[in-house]
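Read the structure below first, then the notes.
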Amino acid sequence: MNKNRIAYTKPSISELEVEYATDAARNGWGEKCYDYLHKFEVTFKEFTGAQYAIATSSCTGAIHMGLSALGVGLGDEVILANTNWIATASPIVHLGAKPVFVDITPDTWCLDPACIEAAITPKTKAIIATHIYGNLCDLDALKKIGETHNLPVIEDSAEALGSYYKGHHAGTFGTFGVFSFHGTKTLTTGEGGIFITNDKDLYERVLTLSNHGRRRDQVKQFWADEIGFKYKMSNIEAALGCAQIERADELVSKKRDVFHKYQSSLSDLIDREVITMNPEYEDTINGYWMPTIVFSKETFITREIIQKAFSEANIDARVFFWPLSMLPVFDDVSENLTPNSFDICARAINLPSYCDMSDDEIDRVCAVIQNLAANSLSGESL
Ligand SMILES: *Cc1c(COP(=O)(O)O)cnc(C)c1O
């Protein structure tokens, strides 16, 4: 068996995170109970360029409150890509609305603007654009569709820290954007998320919802003006976040380094179109949260074959998201309605990519991929 296990992800925690979290645990109470929380919101706004931010206990909670603030409710429909994490869809269901799954483009792996128009009905209330694995959606096209049909476009940027579209950070184009700080994400607070927007009214609405429906100008104590939510981030989590955001450029640049090392080691396979990896288009920067390879159809290499090879080499392999419509909890969207979301995940894998991966570890991962490709191309049975 090959050496130590290579995990697909782990957070990058320095002395700074330990220092801030310790300070929050010791002193962050009473009058100081929101100091790190407010500082985190301010620094995150500065990092992304958003005007308003509300830190939350999860990205899922941020989506839930944002959709609720937009009035998404019983019988409404929300359009999103079939290739997605369940967290993007479940708040829609919790609000009594229906997720409508559309296909992805084969090159971005993000929702295909051309498929959206066909899915719009009088019940459609919003479009959620998820920047999958750091890859950016075609935001210009989405914005146009949103404007034409008077629909809010929401950016699920949970995976897109450090991704920029035409000079602007992901999450700042849409009606609102959300991020996740789950332990697997580029910037982490253990669990956590954030809601950002440039729309003052929407911000005020979500702020009220996020505080159990208590309006900011409400002077009566313990007085709720409506039924709201409780998705607050804790001050201790925010302390971790303050350290991580100070290091955000470093974290993103380490992620990009890992991607570029994979890309250069695998350049021969990429040039011969045996595999493709995350794209980075002109005028965009990809934060490369999750370096991913997709084998060409000609190789006949499947997800299961890749998983077996990685497991034998003692390396974590993380499957490309299943089409959500495959899950028994959703209405079936047959394969021929979203062919790309069914096809790509069947021959793809996410590669290990934590910030502090060594060159040796990256080489070990590349060797597995090169072996698979060589065996397949030489016609050997796998
Ligand atoms: C991680 C993730 C989420 C959920 O984030 P939580 O903080 O765990 O709620 C939502 N959407 C996408 C695309 C994600 O990758």
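Chains: A, B, ... in order of the structure tokens. Residues: from 1 per chain. Ligands: from 1, in order shown.
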task = Select from segment 174-377 of chain A everything DSSP, run on the backbone, classes as helix (DSSP H, G or I), then give the selection as a ChimeraX atom specification.
result = /A:200-210,235-246,248-265,267-271,297-299,303-312,324-326,339-345,359-377
task = Would you kindly return, as a ChimeraX atom specification, each protein, DNA or RNA residue with an atom no farther than 10 Å from any atom of Tyr34 of chain A, considering only C-alpha atoms and excluding same-chain residues fewer than 6 positions away?
result = /A:24,28,40,233-236,238-239
inquiry  = For ligand 1, return the neighbouring residues as a list in words (distance at most 8 Å; only C-alpha atoms and all ligand atoms).
reply    =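 Listing the residues within 8 Å of ligand 1 gives Ser57, Ser58, Cys59, Thr60, Gly61, Ala62, Asn84, Trp85, Ile86, Ala87, Thr88, Thr130, His131, Ile132, Tyr133, Asp156, Ser157, Ala158, Glu159, Phe179, Ser180, Phe181, His182, Thr184, Lys185, Glu191, Gly192 and Gly193 of chain A.
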key: Contact residues around Leu266 of chain A with only C-alpha atoms at 7 Å, ignoring same-chain residues under 4 positions, as a list in words   = Tyr262, Ile270 and Cys366 of chain A
Hey, can you spit out that residue selection with N, CA and C atoms as an mmCIF file, in the first residue's frame?
data_model
loop_
_atom_site.group_PDB
_atom_site.id
_atom_site.type_symbol
_atom_site.label_atom_id
_atom_site.label_comp_id
_atom_site.auth_asym_id
_atom_site.auth_seq_id
_atom_site.Cartn_x
_atom_site.Cartn_y
_atom_site.Cartn_z
ATOM 1 N N TYR A 262 -1.168 20.664 -11.015
ATOM 2 C CA TYR A 262 -1.873 19.568 -11.693
ATOM 3 C C TYR A 262 -1.877 19.808 -13.202
ATOM 4 N N ILE A 270 -3.934 16.807 -21.320
ATOM 5 C CA ILE A 270 -4.849 17.907 -21.645
ATOM 6 C C ILE A 270 -4.705 18.275 -23.126
ATOM 7 N N CYS A 366 -1.192 12.579 -9.755
ATOM 8 C CA CYS A 366 -1.037 12.617 -11.221
ATOM 9 C C CYS A 366 -0.639 11.242 -11.765
#
ask   = Rounded to one decimal in Å, what is the spacing between atom CA of Thr189 of chain A and atom CA of Phe44 of chain A?
value =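 A separation of 12.8 Å between them.
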note = Across A:Ile13, A:Ile349, A:Leu337, A:Ala243, the smallest distance to Val102 of chain A, with only C-alpha atoms counted, is shown by A:Leu337
key: Polymer residues at most 12 Å from Arg364 of chain A, only C-alpha atoms, same-chain spacing of 6 or more positions, as a ChimeraX atom specification   = /A:2-6,262,265,309-310,312-316,351-352,357-358,370-371
Distance in Å - atom CA of Gln263 of chain A versus atom CA of Ile362 of chain A = 10.6 Å
query = In terms of the shortest atom-to-atom distance over only C-alpha atoms, which of A:Glu204, A:Gly190, A:Ile293, A:Met326 is closest to Pro11 of chain A?
reply =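 Among A:Glu204, A:Gly190, A:Ile293, A:Met326, it is A:Gly190 that comes nearest to Pro11 of chain A.
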query = Which neighbours of Glu226 of chain A fall inside 10 Å, counting only C-alpha atoms, when residues of the same chain fewer than 6 positions from it are skipped, and could you give them as a ChimeraX atom specification?
reply = /A:208-209,212-215
May I have the selected residues written with C-alpha atoms, as a short mmCIF file (atom, residue, chain, number, x, y, z; two decimals), in the first residue's frame?
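After the write, result09.cif holds the following:
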data_model
loop_
_atom_site.label_atom_id
_atom_site.label_comp_id
_atom_site.auth_asym_id
_atom_site.auth_seq_id
_atom_site.Cartn_x
_atom_site.Cartn_y
_atom_site.Cartn_z
CA THR A 208 -34.89 41.60 10.09
CA LEU A 209 -35.51 37.98 9.08
CA HIS A 212 -36.10 36.40 14.54
CA GLY A 213 -38.19 38.95 12.66
CA ARG A 214 -37.20 41.83 14.95
CA ARG A 215 -36.82 45.09 13.04
#
query = Between A:His169, A:Cys242, A:Gly71, A:Tyr231, which has the minimum distance to Asp23 of chain A (counting only C-alpha atoms)?
reply =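 Of the candidates, the smallest distance to Asp23 of chain A is held by A:Cys242.
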12 Å contact set for Ala160 of chain A, only C-alpha atoms, chain neighbours under 6 positions out, as a PyMOL selection string = chain A and resi 48+129-137+168-172+177-181+185-187+252+255+284-290
Using only C-alpha atoms, please write the residues we just selected to a file, as an mmCIF file, in the first residue's frame.
data_model
loop_
_atom_site.group_PDB
_atom_site.id
_atom_site.type_symbol
_atom_site.label_atom_id
_atom_site.label_comp_id
_atom_site.auth_asym_id
_atom_site.auth_seq_id
_atom_site.Cartn_x
_atom_site.Cartn_y
_atom_site.Cartn_z
ATOM 1 C CA THR A 48 -15.576 41.139 -2.319
ATOM 2 C CA ALA A 129 -26.523 30.431 -10.610
ATOM 3 C CA THR A 130 -23.995 28.202 -8.839
ATOM 4 C CA HIS A 131 -20.339 28.793 -9.708
ATOM 5 C CA ILE A 132 -19.444 25.137 -9.550
ATOM 6 C CA TYR A 133 -15.941 24.243 -8.250
ATOM 7 C CA GLY A 134 -14.948 27.910 -8.712
ATOM 8 C CA ASN A 135 -15.873 27.949 -12.436
ATOM 9 C CA LEU A 136 -17.881 31.020 -13.322
ATOM 10 C CA CYS A 137 -21.352 31.004 -14.843
ATOM 11 C CA HIS A 168 -15.627 41.844 -9.996
ATOM 12 C CA HIS A 169 -15.755 39.196 -7.318
ATOM 13 C CA ALA A 170 -18.272 36.369 -7.732
ATOM 14 C CA GLY A 171 -21.433 36.995 -5.743
ATOM 15 C CA THR A 172 -21.548 40.743 -6.429
ATOM 16 C CA GLY A 177 -24.732 36.296 -3.397
ATOM 17 C CA VAL A 178 -23.974 33.667 -0.771
ATOM 18 C CA PHE A 179 -20.776 31.974 0.397
ATOM 19 C CA SER A 180 -20.029 28.954 2.576
ATOM 20 C CA PHE A 181 -17.307 28.688 5.212
ATOM 21 C CA LYS A 185 -14.231 25.430 1.613
ATOM 22 C CA THR A 186 -11.252 27.659 0.692
ATOM 23 C CA LEU A 187 -11.972 30.000 3.615
ATOM 24 C CA VAL A 252 -6.702 31.516 -2.901
ATOM 25 C CA LYS A 255 -5.425 26.837 -4.272
ATOM 26 C CA THR A 284 -12.267 35.776 -15.548
ATOM 27 C CA ILE A 285 -10.182 34.411 -12.695
ATOM 28 C CA ASN A 286 -11.018 30.985 -11.313
ATOM 29 C CA GLY A 287 -10.515 30.504 -7.557
ATOM 30 C CA TYR A 288 -10.182 26.758 -8.349
ATOM 31 C CA TRP A 289 -11.862 25.568 -5.185
ATOM 32 C CA MET A 290 -11.929 22.025 -6.519
#
request  = Please identify all polymer residues within 9 Å of Thr124 of chain A, counting only C-alpha atoms, omitting same-chain residues fewer than 4 positions from it, and present them as a list of chain:residue names.
outcome  =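 Residues near the query, excluding close chain neighbours: A:Asp76, A:Glu77, A:Val78, A:Ile79, A:Val100, A:Ala119, A:Ile120, A:Leu151.
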key: Which of A:Glu282, A:Asp199, A:Glu335, A:Asp35 sits closest to Ala53 of chain A [using only C-alpha atoms]   =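 Closest to Ala53 of chain A, using only C-alpha atoms: A:Asp199.
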ask   = Smallest atom-to-atom distance to Thr9 of chain A: which of A:Asp363, A:Asp103, A:Glu41, A:Asp356, using only C-alpha atoms?
value =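 For Thr9 of chain A, the nearest of the candidates is A:Asp356.
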Top pick for closest residue to Asp138 of chain A, considering A:Lys230, A:Glu280, A:Ala7, A:Thr83 and counting only C-alpha atoms =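 Ranked by minimum distance to Asp138 of chain A, first place goes to A:Glu280.
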query = In Å to one decimal, how far is atom CA of Leu70 of chain A from atom CA of Glu117 of chain A?
reply = 20.4 Å
